[in-house]
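Peer 1: Next comes the structure file entry.csv, holding CSV, N, CA and C atoms.
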```
chain,number,residue,atom,x,y,z
A,1,MET,N,198.2,38.9,234.9
A,1,MET,CA,197.7,39.3,236.2
A,1,MET,C,196.5,40.2,236.1
A,2,GLU,N,196.2,40.6,234.8
A,2,GLU,CA,195.1,41.5,234.6
A,2,GLU,C,193.8,40.8,235.1
A,3,ILE,N,193.7,39.5,235.0
A,3,ILE,CA,192.5,38.8,235.4
A,3,ILE,C,192.2,39.0,236.9
A,4,ILE,N,193.3,39.2,237.7
A,4,ILE,CA,193.1,39.5,239.1
A,4,ILE,C,192.4,40.9,239.3
A,5,GLN,N,192.8,41.8,238.5
A,5,GLN,CA,192.2,43.1,238.5
A,5,GLN,C,190.7,43.1,238.1
A,6,ILE,N,190.4,42.3,237.1
A,6,ILE,CA,189.1,42.2,236.6
A,6,ILE,C,188.2,41.5,237.6
A,7,VAL,N,188.7,40.4,238.1
A,7,VAL,CA,187.9,39.7,239.1
A,7,VAL,C,187.7,40.5,240.4
A,8,GLY,N,188.8,41.2,240.8
A,8,GLY,CA,188.6,42.1,241.9
A,8,GLY,C,187.6,43.2,241.7
A,9,LEU,N,187.6,43.8,240.6
A,9,LEU,CA,186.6,44.8,240.2
A,9,LEU,C,185.2,44.2,240.3
A,10,GLY,N,185.1,43.0,239.7
A,10,GLY,CA,183.8,42.3,239.7
A,10,GLY,C,183.3,42.0,241.1
A,11,ILE,N,184.2,41.5,241.9
A,11,ILE,CA,183.8,41.2,243.3
A,11,ILE,C,183.4,42.4,244.1
A,12,ILE,N,184.1,43.5,244.0
A,12,ILE,CA,183.8,44.7,244.7
A,12,ILE,C,182.5,45.3,244.2
A,13,ALA,N,182.3,45.3,242.8
A,13,ALA,CA,181.0,45.8,242.3
A,13,ALA,C,179.8,44.9,242.7
A,14,THR,N,180.1,43.6,242.8
A,14,THR,CA,179.0,42.7,243.3
A,14,THR,C,178.6,43.0,244.7
A,15,ILE,N,179.6,43.1,245.6
A,15,ILE,CA,179.3,43.4,247.0
A,15,ILE,C,178.6,44.8,247.1
A,16,LEU,N,179.1,45.8,246.4
A,16,LEU,CA,178.4,47.1,246.4
A,16,LEU,C,177.0,47.0,245.9
A,17,THR,N,176.8,46.3,244.9
A,17,THR,CA,175.5,46.1,244.3
A,17,THR,C,174.5,45.5,245.3
A,18,LEU,N,175.0,44.4,246.0
A,18,LEU,CA,174.2,43.7,246.9
A,18,LEU,C,173.8,44.6,248.1
A,19,VAL,N,174.7,45.5,248.5
A,19,VAL,CA,174.5,46.4,249.6
A,19,VAL,C,173.5,47.5,249.2
A,20,ILE,N,173.7,48.0,248.0
A,20,ILE,CA,172.9,49.2,247.5
A,20,ILE,C,171.5,48.7,247.0
A,21,LYS,N,171.4,47.5,246.6
A,21,LYS,CA,170.2,47.0,245.9
A,21,LYS,C,168.9,47.2,246.7
A,22,GLU,N,169.0,47.0,248.0
A,22,GLU,CA,167.8,47.2,248.9
A,22,GLU,C,167.3,48.6,248.9
A,23,GLN,N,168.2,49.6,249.0
A,23,GLN,CA,167.9,51.0,249.1
A,23,GLN,C,167.6,51.6,247.8
A,24,LYS,N,168.5,51.4,246.8
A,24,LYS,CA,168.4,52.0,245.5
A,24,LYS,C,168.6,51.0,244.4
A,25,PRO,N,167.6,50.3,244.0
A,25,PRO,CA,167.7,49.2,243.0
A,25,PRO,C,168.2,49.8,241.6
A,26,LEU,N,167.7,51.0,241.2
A,26,LEU,CA,168.2,51.5,240.0
A,26,LEU,C,169.7,51.8,240.0
A,27,PHE,N,170.1,52.4,241.1
A,27,PHE,CA,171.6,52.7,241.2
A,27,PHE,C,172.4,51.4,241.2
A,28,ALA,N,171.9,50.4,241.8
A,28,ALA,CA,172.6,49.1,241.8
A,28,ALA,C,172.7,48.5,240.4
A,29,PHE,N,171.6,48.7,239.6
A,29,PHE,CA,171.6,48.2,238.2
A,29,PHE,C,172.6,49.0,237.4
A,30,LEU,N,172.6,50.3,237.6
A,30,LEU,CA,173.6,51.2,236.8
A,30,LEU,C,175.0,50.9,237.2
A,31,LEU,N,175.2,50.5,238.5
A,31,LEU,CA,176.6,50.1,238.9
A,31,LEU,C,177.0,48.8,238.2
A,32,THR,N,176.1,47.9,238.0
A,32,THR,CA,176.3,46.7,237.3
A,32,THR,C,176.7,46.9,235.8
A,33,VAL,N,175.9,47.8,235.2
A,33,VAL,CA,176.2,48.1,233.8
A,33,VAL,C,177.5,48.8,233.7
A,34,PHE,N,177.8,49.8,234.5
A,34,PHE,CA,179.0,50.5,234.5
A,34,PHE,C,180.2,49.6,234.7
A,35,THR,N,180.1,48.6,235.6
A,35,THR,CA,181.2,47.7,235.8
A,35,THR,C,181.4,46.9,234.6
A,36,GLY,N,180.4,46.4,233.9
A,36,GLY,CA,180.5,45.6,232.7
A,36,GLY,C,181.2,46.5,231.6
A,37,VAL,N,180.8,47.7,231.5
A,37,VAL,CA,181.4,48.6,230.5
A,37,VAL,C,182.9,48.8,230.8
A,38,ILE,N,183.3,49.0,232.0
A,38,ILE,CA,184.6,49.3,232.4
A,38,ILE,C,185.5,48.0,232.1
A,39,ILE,N,185.0,46.8,232.4
A,39,ILE,CA,185.7,45.6,232.1
A,39,ILE,C,185.9,45.5,230.6
A,40,PHE,N,184.9,45.8,229.8
A,40,PHE,CA,185.0,45.8,228.3
A,40,PHE,C,186.0,46.8,227.8
A,41,LEU,N,186.0,48.0,228.4
A,41,LEU,CA,187.0,49.0,227.9
A,41,LEU,C,188.4,48.6,228.3
A,42,PHE,N,188.5,47.9,229.4
A,42,PHE,CA,189.8,47.4,229.9
A,42,PHE,C,190.4,46.4,228.9
A,43,LEU,N,189.5,45.7,228.2
A,43,LEU,CA,190.0,44.6,227.3
A,43,LEU,C,190.1,45.1,225.8
A,44,ILE,N,189.7,46.3,225.5
A,44,ILE,CA,189.8,46.8,224.1
A,44,ILE,C,191.2,46.7,223.5
A,45,GLY,N,192.2,47.0,224.3
A,45,GLY,CA,193.6,46.9,223.8
A,45,GLY,C,193.9,45.5,223.4
A,46,LYS,N,193.5,44.5,224.2
A,46,LYS,CA,193.7,43.1,223.9
A,46,LYS,C,193.0,42.7,222.7
A,47,ILE,N,191.8,43.1,222.5
A,47,ILE,CA,191.0,42.8,221.4
A,47,ILE,C,191.6,43.3,220.1
A,48,SER,N,192.1,44.5,220.2
A,48,SER,CA,192.8,45.2,219.0
A,48,SER,C,194.0,44.4,218.6
A,49,SER,N,194.8,43.9,219.6
A,49,SER,CA,196.0,43.2,219.3
A,49,SER,C,195.7,41.8,218.7
A,50,ILE,N,194.6,41.2,219.1
A,50,ILE,CA,194.2,39.9,218.5
A,50,ILE,C,193.8,40.1,217.1
A,51,ILE,N,193.0,41.2,216.8
A,51,ILE,CA,192.5,41.4,215.5
A,51,ILE,C,193.7,41.7,214.5
A,52,GLN,N,194.7,42.5,215.0
A,52,GLN,CA,195.9,42.8,214.2
A,52,GLN,C,196.7,41.5,213.9
A,53,LEU,N,196.8,40.6,214.9
A,53,LEU,CA,197.5,39.4,214.7
A,53,LEU,C,196.8,38.5,213.7
A,54,LEU,N,195.5,38.4,213.8
A,54,LEU,CA,194.7,37.6,212.9
A,54,LEU,C,194.8,38.1,211.4
A,55,GLU,N,194.8,39.4,211.3
A,55,GLU,CA,194.9,40.0,210.0
A,55,GLU,C,196.3,39.7,209.4
A,56,LYS,N,197.3,39.8,210.2
A,56,LYS,CA,198.7,39.5,209.7
A,56,LYS,C,198.8,38.0,209.3
A,57,LEU,N,198.2,37.1,210.1
A,57,LEU,CA,198.2,35.7,209.7
A,57,LEU,C,197.4,35.4,208.5
A,58,ALA,N,196.3,36.1,208.3
A,58,ALA,CA,195.5,36.0,207.1
A,58,ALA,C,196.2,36.4,205.9
A,59,GLU,N,197.0,37.5,206.0
A,59,GLU,CA,197.7,38.0,204.8
A,59,GLU,C,198.9,37.1,204.5
A,60,GLN,N,199.5,36.5,205.5
A,60,GLN,CA,200.6,35.6,205.3
A,60,GLN,C,200.1,34.3,204.6
A,61,SER,N,198.9,33.9,205.0
A,61,SER,CA,198.3,32.6,204.5
A,61,SER,C,197.5,32.8,203.1
A,62,ASN,N,197.5,34.0,202.6
A,62,ASN,CA,196.8,34.4,201.4
A,62,ASN,C,195.3,34.1,201.5
A,63,ILE,N,194.7,34.3,202.7
A,63,ILE,CA,193.3,34.1,202.9
A,63,ILE,C,192.6,35.4,202.6
A,64,ASP,N,191.5,35.3,201.8
A,64,ASP,CA,190.8,36.5,201.5
A,64,ASP,C,190.3,37.2,202.7
A,65,MET,N,190.6,38.5,202.8
A,65,MET,CA,190.3,39.3,204.0
A,65,MET,C,188.8,39.4,204.2
A,66,VAL,N,188.0,39.2,203.2
A,66,VAL,CA,186.6,39.3,203.4
A,66,VAL,C,186.1,38.2,204.4
A,67,PHE,N,186.7,37.0,204.3
A,67,PHE,CA,186.3,35.9,205.2
A,67,PHE,C,186.8,36.2,206.6
A,68,LEU,N,188.0,36.8,206.8
A,68,LEU,CA,188.4,37.1,208.1
A,68,LEU,C,187.5,38.2,208.7
A,69,LYS,N,187.3,39.2,208.0
A,69,LYS,CA,186.4,40.3,208.5
A,69,LYS,C,185.0,39.8,208.8
A,70,THR,N,184.5,38.9,208.0
A,70,THR,CA,183.2,38.3,208.3
A,70,THR,C,183.2,37.5,209.6
A,71,ILE,N,184.3,36.7,209.8
A,71,ILE,CA,184.4,35.9,211.0
A,71,ILE,C,184.5,36.8,212.2
A,72,LEU,N,185.3,37.9,212.1
A,72,LEU,CA,185.5,38.8,213.2
A,72,LEU,C,184.2,39.5,213.5
A,73,LYS,N,183.4,39.8,212.5
A,73,LYS,CA,182.1,40.5,212.8
A,73,LYS,C,181.1,39.5,213.5
A,74,ILE,N,181.2,38.2,213.1
A,74,ILE,CA,180.4,37.2,213.7
A,74,ILE,C,180.8,37.0,215.2
A,75,ILE,N,182.0,37.0,215.5
A,75,ILE,CA,182.5,36.9,216.8
A,75,ILE,C,182.0,38.2,217.6
A,76,GLY,N,182.1,39.3,217.0
A,76,GLY,CA,181.7,40.6,217.6
A,76,GLY,C,180.2,40.5,218.0
A,77,ILE,N,179.4,40.1,217.0
A,77,ILE,CA,178.0,39.9,217.2
A,77,ILE,C,177.7,39.0,218.4
A,78,ALA,N,178.4,37.9,218.5
A,78,ALA,CA,178.2,36.9,219.5
A,78,ALA,C,178.5,37.6,220.9
A,79,TYR,N,179.6,38.3,221.0
A,79,TYR,CA,180.0,38.9,222.3
A,79,TYR,C,179.0,40.0,222.7
A,80,ILE,N,178.6,40.8,221.7
A,80,ILE,CA,177.7,42.0,222.0
A,80,ILE,C,176.4,41.4,222.4
A,81,ALA,N,175.9,40.4,221.7
A,81,ALA,CA,174.6,39.9,222.1
A,81,ALA,C,174.6,39.2,223.4
A,82,GLU,N,175.7,38.5,223.8
A,82,GLU,CA,175.8,37.9,225.1
A,82,GLU,C,175.9,39.0,226.2
A,83,PHE,N,176.7,40.0,225.9
A,83,PHE,CA,176.8,41.1,226.9
A,83,PHE,C,175.5,41.8,227.1
A,84,GLY,N,174.8,42.2,226.0
A,84,GLY,CA,173.5,42.8,226.1
A,84,GLY,C,172.5,42.0,226.8
A,85,SER,N,172.4,40.7,226.5
A,85,SER,CA,171.4,39.8,227.1
A,85,SER,C,171.7,39.6,228.6
A,86,GLN,N,172.9,39.6,229.0
A,86,GLN,CA,173.3,39.4,230.4
A,86,GLN,C,172.9,40.7,231.2
A,87,ILE,N,173.1,41.9,230.6
A,87,ILE,CA,172.6,43.1,231.3
A,87,ILE,C,171.1,43.1,231.4
A,88,VAL,N,170.4,42.8,230.4
A,88,VAL,CA,169.0,42.7,230.5
A,88,VAL,C,168.5,41.7,231.5
A,89,ARG,N,169.2,40.5,231.5
A,89,ARG,CA,168.8,39.5,232.4
A,89,ARG,C,169.1,39.9,233.8
A,90,ASP,N,170.2,40.7,234.1
A,90,ASP,CA,170.4,41.2,235.4
A,90,ASP,C,169.3,42.1,235.9
A,91,ALA,N,168.7,42.8,234.9
A,91,ALA,CA,167.6,43.7,235.2
A,91,ALA,C,166.3,43.0,235.5
A,92,GLY,N,166.3,41.6,235.3
A,92,GLY,CA,165.2,40.8,235.6
A,92,GLY,C,164.2,40.6,234.4
A,93,HIS,N,164.7,40.9,233.2
A,93,HIS,CA,163.8,40.7,232.0
A,93,HIS,C,164.3,39.6,231.1
A,94,GLU,N,164.0,38.4,231.6
A,94,GLU,CA,164.5,37.1,230.9
A,94,GLU,C,164.0,37.1,229.5
A,95,SER,N,162.7,37.4,229.2
A,95,SER,CA,162.1,37.3,227.9
A,95,SER,C,162.8,38.2,226.9
A,96,ILE,N,163.1,39.4,227.3
A,96,ILE,CA,163.8,40.3,226.4
A,96,ILE,C,165.3,39.8,226.1
A,97,ALA,N,165.9,39.3,227.2
A,97,ALA,CA,167.3,38.8,227.0
A,97,ALA,C,167.2,37.6,226.0
A,98,SER,N,166.2,36.8,226.1
A,98,SER,CA,166.1,35.7,225.1
A,98,SER,C,166.0,36.2,223.7
A,99,LYS,N,165.2,37.3,223.5
A,99,LYS,CA,165.0,37.8,222.2
A,99,LYS,C,166.3,38.4,221.7
A,100,ILE,N,167.1,39.0,222.5
A,100,ILE,CA,168.4,39.6,222.1
A,100,ILE,C,169.3,38.4,221.7
A,101,GLU,N,169.3,37.3,222.4
A,101,GLU,CA,170.1,36.1,222.0
A,101,GLU,C,169.7,35.6,220.7
A,102,LEU,N,168.3,35.5,220.5
A,102,LEU,CA,167.8,35.0,219.2
A,102,LEU,C,168.2,35.9,218.1
A,103,ALA,N,168.1,37.2,218.3
A,103,ALA,CA,168.5,38.2,217.2
A,103,ALA,C,170.0,38.0,216.9
A,104,GLY,N,170.8,37.8,217.9
A,104,GLY,CA,172.3,37.6,217.7
A,104,GLY,C,172.5,36.3,216.8
A,105,LYS,N,171.8,35.3,217.2
A,105,LYS,CA,172.0,34.0,216.4
A,105,LYS,C,171.5,34.1,215.0
A,106,ILE,N,170.4,34.9,214.7
A,106,ILE,CA,170.0,35.0,213.4
A,106,ILE,C,171.0,35.9,212.6
A,107,LEU,N,171.5,37.0,213.2
A,107,LEU,CA,172.5,37.8,212.5
A,107,LEU,C,173.7,37.0,212.2
A,108,ILE,N,174.1,36.2,213.1
A,108,ILE,CA,175.3,35.3,212.9
A,108,ILE,C,175.1,34.4,211.7
A,109,LEU,N,174.0,33.8,211.7
A,109,LEU,CA,173.6,32.9,210.5
A,109,LEU,C,173.6,33.7,209.2
A,110,TYR,N,173.0,34.9,209.2
A,110,TYR,CA,173.0,35.7,208.0
A,110,TYR,C,174.4,36.1,207.6
A,111,MET,N,175.2,36.5,208.5
A,111,MET,CA,176.6,36.8,208.2
A,111,MET,C,177.4,35.7,207.7
A,112,ALA,N,177.1,34.4,208.1
A,112,ALA,CA,177.9,33.3,207.8
A,112,ALA,C,177.5,32.7,206.4
A,113,ILE,N,176.4,33.1,205.8
A,113,ILE,CA,175.9,32.6,204.5
A,113,ILE,C,177.0,32.6,203.5
A,114,PRO,N,177.8,33.7,203.2
A,114,PRO,CA,178.8,33.7,202.2
A,114,PRO,C,179.9,32.6,202.5
A,115,ILE,N,180.3,32.5,203.7
A,115,ILE,CA,181.3,31.5,204.1
A,115,ILE,C,180.8,30.1,203.8
A,116,ILE,N,179.5,29.8,204.3
A,116,ILE,CA,178.9,28.5,204.1
A,116,ILE,C,178.8,28.2,202.6
A,117,THR,N,178.4,29.2,201.8
A,117,THR,CA,178.3,29.0,200.3
A,117,THR,C,179.7,28.6,199.7
A,118,VAL,N,180.7,29.3,200.1
A,118,VAL,CA,182.1,28.9,199.6
A,118,VAL,C,182.5,27.5,200.0
A,119,ILE,N,182.2,27.2,201.2
A,119,ILE,CA,182.5,25.8,201.7
A,119,ILE,C,181.8,24.7,200.9
A,120,ILE,N,180.5,25.0,200.7
A,120,ILE,CA,179.7,24.0,199.9
A,120,ILE,C,180.2,23.9,198.4
A,121,GLU,N,180.5,25.1,197.9
A,121,GLU,CA,181.0,25.1,196.5
A,121,GLU,C,182.3,24.4,196.4
A,122,THR,N,183.2,24.5,197.4
A,122,THR,CA,184.4,23.8,197.4
A,122,THR,C,184.3,22.3,197.5
A,123,ILE,N,183.3,21.9,198.4
A,123,ILE,CA,183.0,20.5,198.5
A,123,ILE,C,182.5,19.9,197.2
A,124,ILE,N,181.6,20.6,196.6
A,124,ILE,CA,181.0,20.2,195.3
A,124,ILE,C,182.1,20.0,194.2
A,125,LYS,N,183.1,20.9,194.2
A,125,LYS,CA,184.2,20.8,193.2
A,125,LYS,C,185.1,19.6,193.5
A,126,LEU,N,185.2,19.2,194.8
A,126,LEU,CA,186.0,18.1,195.1
A,126,LEU,C,185.4,16.8,194.8
A,127,LEU,N,184.1,16.7,194.8
A,127,LEU,CA,183.3,15.5,194.5
A,127,LEU,C,183.5,15.1,193.0
A,128,PRO,N,183.7,13.8,192.8
A,128,PRO,CA,183.7,13.4,191.4
A,128,PRO,C,182.3,13.5,190.7
A,129,THR,N,182.3,13.9,189.5
A,129,THR,CA,181.1,14.0,188.8
A,129,THR,C,180.6,12.8,188.1
```
Could you express the structure from this file as structure tokens?
Peer 2:
Amino acid sequence: MEIIQIVGLGIIATILTLVIKEQKPLFAFLLTVFTGVIIFLFLIGKISSIIQLLEKLAEQSNIDMVFLKTILKIIGIAYIAEFGSQIVRDAGHESIASKIELAGKILILYMAIPIITVIIETIIKLLPT
């Protein structure tokens, strides 16, 4: 039922932003950013639980923790880049938002190189010589 609280907060913030936007656009933008941060903070506990569960599963499966941590970092980069680009897009700066998304994609690719390397090496080992 937490989704009802999140959606309710989002709808209330949207209505307030629309009302305030004509008089005080800066305040409306700050309200939008504040609402996004509140929603993110509301989810921190859930994110922590997911990370702990994934770490536990990785240990049970004898998966190298370096890979799990890299994947979690990649997921984090994706979410942060999306969050940041949406805030900038809400402020009306599409070009900057696109650059944030591009930076996120490049960082994700950079972080994935060790995993891609291991996958390719494993495939090469499986191929007959």
Peer 1: What is the CA of Glu101 (chain A) to CA of Ala81 (chain A) distance in Å?
Peer 2: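 Rounded to one decimal, the two atoms are 5.9 Å apart.
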Peer 1: Between CA of Ile4 (chain A) and atom C of Lys73 (chain A), what distance in Å does the model show, to one decimal?
Peer 2: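 Pair CA of Ile4 (chain A) / atom C of Lys73 (chain A) returns 28.3 Å.
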Peer 1: Record the distance separating atom C of Ala13 (chain A) and atom N of Ala91 (chain A), expressed in Å with one decimal.
Peer 2: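 So the answer is 13.7 Å.
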Peer 1: Got a sec: who's within 8 Å of Ile100 (chain A), counting all atoms listed in the file, leaving out chain neighbours fewer than 2 positions off, as a PyMOL selection string?
Peer 2: chain A and resi 80-82+84-85+94-98+102-106
Peer 1: For region 46-48 of chain A, please output as a PDB file with N, CA and C atoms, in the frame of the given file all residues within 12 Å (counting only C-alpha atoms; exclusion window: fewer than 4 positions along the same chain).
Peer 2:
```
ATOM      1  N   GLU A   2     196.200  40.600 234.800  1.00  0.00           N
ATOM      2  CA  GLU A   2     195.100  41.500 234.600  1.00  0.00           C
ATOM      3  C   GLU A   2     193.800  40.800 235.100  1.00  0.00           C
ATOM      4  N   ILE A  39     185.000  46.800 232.400  1.00  0.00           N
ATOM      5  CA  ILE A  39     185.700  45.600 232.100  1.00  0.00           C
ATOM      6  C   ILE A  39     185.900  45.500 230.600  1.00  0.00           C
ATOM      7  N   PHE A  40     184.900  45.800 229.800  1.00  0.00           N
ATOM      8  CA  PHE A  40     185.000  45.800 228.300  1.00  0.00           C
ATOM      9  C   PHE A  40     186.000  46.800 227.800  1.00  0.00           C
ATOM     10  N   LEU A  41     186.000  48.000 228.400  1.00  0.00           N
ATOM     11  CA  LEU A  41     187.000  49.000 227.900  1.00  0.00           C
ATOM     12  C   LEU A  41     188.400  48.600 228.300  1.00  0.00           C
ATOM     13  N   PHE A  42     188.500  47.900 229.400  1.00  0.00           N
ATOM     14  CA  PHE A  42     189.800  47.400 229.900  1.00  0.00           C
ATOM     15  C   PHE A  42     190.400  46.400 228.900  1.00  0.00           C
ATOM     16  N   GLN A  52     194.700  42.500 215.000  1.00  0.00           N
ATOM     17  CA  GLN A  52     195.900  42.800 214.200  1.00  0.00           C
ATOM     18  C   GLN A  52     196.700  41.500 213.900  1.00  0.00           C
ATOM     19  N   LEU A  53     196.800  40.600 214.900  1.00  0.00           N
ATOM     20  CA  LEU A  53     197.500  39.400 214.700  1.00  0.00           C
ATOM     21  C   LEU A  53     196.800  38.500 213.700  1.00  0.00           C
ATOM     22  N   LEU A  54     195.500  38.400 213.800  1.00  0.00           N
ATOM     23  CA  LEU A  54     194.700  37.600 212.900  1.00  0.00           C
ATOM     24  C   LEU A  54     194.800  38.100 211.400  1.00  0.00           C
ATOM     25  N   GLU A  55     194.800  39.400 211.300  1.00  0.00           N
ATOM     26  CA  GLU A  55     194.900  40.000 210.000  1.00  0.00           C
ATOM     27  C   GLU A  55     196.300  39.700 209.400  1.00  0.00           C
ATOM     28  N   LEU A  72     185.300  37.900 212.100  1.00  0.00           N
ATOM     29  CA  LEU A  72     185.500  38.800 213.200  1.00  0.00           C
ATOM     30  C   LEU A  72     184.200  39.500 213.500  1.00  0.00           C
ATOM     31  N   ILE A  75     182.000  37.000 215.500  1.00  0.00           N
ATOM     32  CA  ILE A  75     182.500  36.900 216.800  1.00  0.00           C
ATOM     33  C   ILE A  75     182.000  38.200 217.600  1.00  0.00           C
ATOM     34  N   GLY A  76     182.100  39.300 217.000  1.00  0.00           N
ATOM     35  CA  GLY A  76     181.700  40.600 217.600  1.00  0.00           C
ATOM     36  C   GLY A  76     180.200  40.500 218.000  1.00  0.00           C
ATOM     37  N   TYR A  79     179.600  38.300 221.000  1.00  0.00           N
ATOM     38  CA  TYR A  79     180.000  38.900 222.300  1.00  0.00           C
ATOM     39  C   TYR A  79     179.000  40.000 222.700  1.00  0.00           C
TER      40      TYR A  79
END
```
Peer 1: What's the 6 Å shell around region 26-36 of chain A, counting only C-alpha atoms, without same-chain residues fewer than 5 positions away, as a PyMOL selection string?
Peer 2: chain A and resi 17+20-21
Peer 1: Tell me which of A:Ile87, A:Ile124, A:Leu43, A:Ile108 sits closest to Ile3 (chain A), counting only C-alpha atoms.
Peer 2: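 Result for the nearest residue to Ile3 (chain A): A:Leu43.
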